[in-house]
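Enquirer: Pasting in a structure now, in structure tokens, and then I'll have a few things to ask.
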Amino acid sequence: MMTVTHMLLLRPPAYQEFIQTKNMLKWARNLVLLLGLVYGGFGIIANYGFIMEFESALLRNLLVPLLFIGFGIFTAWLTRLGLGLLLWAGAKGFGGPGKLSDVSRMGAVALVPGVLAVPLLTNALHGMPAYLLAGAGVVWMYLSCVHILEVTQQFAKFHAAGTAAAVFIFFASVFYMFMP
């Protein structure tokens, strides 16, 4: 747990420690599950009025919220998969060895700062505070990806930063196609 916390605080040795942890896959899966629950929770909050319109108590109180939670978990899993594949492709394209399993698992940690953008994406928060939170989350996520590329691909900081920038530009263009 402390290693993940240190990774979120952008401490470089924590990334190396995490990659050597035997429980890395378990931590990655737990983070994706937790993020999915958060995404689903924000989905429920954003659609609360719609959910309360159902006449059936079973739908209103159990099935529809579970559906939102399920889609939240699926979204977190799909985002981890997408970010992992993009980091891997960027690493391969910029001359790295492209260790997919390491990049993908560490990508779960990089998704945590993205939670700061969820209020904007679900319309739970509007205006400048929402944009500032989302911007801070994206910058934090970018810096985390730079550290991931440094550790998994043995890139120098400048090389990792350029690769992460290319990945983020592509990620943003793909992400934009799916967001209203």
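In the structure tokens, each chain is lettered A, B, ... as it comes, each chain's residues begin at 1, and ligands are numbered from 1 in order of appearance.
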Identify, on the basis of only C-alpha atoms, every residue whose closest approach to range 150-161 of chain A does not exceed 7 Å; exclude the query and any residue fewer than 4 positions from it along the same chain; express the result as a list of chain:residue names.

Expert: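 Selected residues are A:Tyr15, A:Gln16, A:Ala91, A:Gly96, A:Pro97, A:Gly98, A:Lys99, A:Asp102, A:Val103, A:Val146, A:Ala165.
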
Enquirer: Got a sec: who's within 9 Å of Val115 in chain A, counting only C-alpha atoms, leaving out chain neighbours fewer than 2 positions off, as a ChimeraX atom specification?

Expert: /A:35,38-39,111-113,117-119,134,137

Enquirer: Have a look at CA of Arg105 in chain A and CA of Ala28 in chain A and let me know their distance in Å, one decimal.

Expert: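 For CA of Arg105 in chain A relative to CA of Ala28 in chain A, the distance reads 5.5 Å.
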
Enquirer: Just the residues within 7 Å of Gly90 in chain A, please, counting only C-alpha atoms, with nothing from its chain fewer than 3 positions along; format it as a PDB file with N, CA and C atoms, in the first residue's frame.

Expert:
```
ATOM      1  N   LEU A  86      -1.462   1.792 -25.233  1.00  0.00           N
ATOM      2  CA  LEU A  86      -0.877   3.002 -25.817  1.00  0.00           C
ATOM      3  C   LEU A  86       0.529   3.267 -25.277  1.00  0.00           C
ATOM      4  N   LEU A  87       0.721   3.072 -23.975  1.00  0.00           N
ATOM      5  CA  LEU A  87       2.073   3.236 -23.418  1.00  0.00           C
ATOM      6  C   LEU A  87       3.034   2.215 -24.024  1.00  0.00           C
ATOM      7  N   GLY A  93       7.454   2.229 -30.229  1.00  0.00           N
ATOM      8  CA  GLY A  93       7.676   3.172 -31.320  1.00  0.00           C
ATOM      9  C   GLY A  93       8.844   4.114 -31.078  1.00  0.00           C
ATOM     10  N   PHE A  94       9.144   4.377 -29.821  1.00  0.00           N
ATOM     11  CA  PHE A  94      10.240   5.282 -29.488  1.00  0.00           C
ATOM     12  C   PHE A  94      11.493   4.537 -29.027  1.00  0.00           C
ATOM     13  N   THR A 163       7.827  10.525 -25.110  1.00  0.00           N
ATOM     14  CA  THR A 163       6.998   9.364 -25.418  1.00  0.00           C
ATOM     15  C   THR A 163       5.632   9.489 -24.758  1.00  0.00           C
ATOM     16  N   VAL A 167       1.900   9.705 -26.497  1.00  0.00           N
ATOM     17  CA  VAL A 167       0.833   8.797 -26.075  1.00  0.00           C
ATOM     18  C   VAL A 167      -0.390   9.592 -25.631  1.00  0.00           C
TER      19      VAL A 167
END
```

Enquirer: Kindly give the distance, in Å, that separates CA of Ile44 in chain A and CA of Thr122 in chain A, rounded to a single decimal.

Expert: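 Here the two named atoms are 9.5 Å from each other.
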
Enquirer: Which is closer to Thr5 in chain A than all the others in A:Ala110, A:Ile73, A:Leu37, A:Leu120, using only C-alpha atoms?

Expert: A:Ala110

Enquirer: Please list as a list in words every residue within 9 Å of Leu10 in chain A, counting only C-alpha atoms and excluding residues in the same chain fewer than 6 positions away.

Expert: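 That gives Trp140, Leu143, Ser144 and His147 of chain A.
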
Enquirer: Which is closest to Met7 in chain A among A:Cys145, A:Ile69, A:Leu85, A:Glu53, if we use only C-alpha atoms?

Expert: A:Cys145

Enquirer: Between CA of Ala76 in chain A and CA of Leu33 in chain A, what is the spacing in Å?

Expert: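 Between these atoms lies a distance of 7.4 Å.
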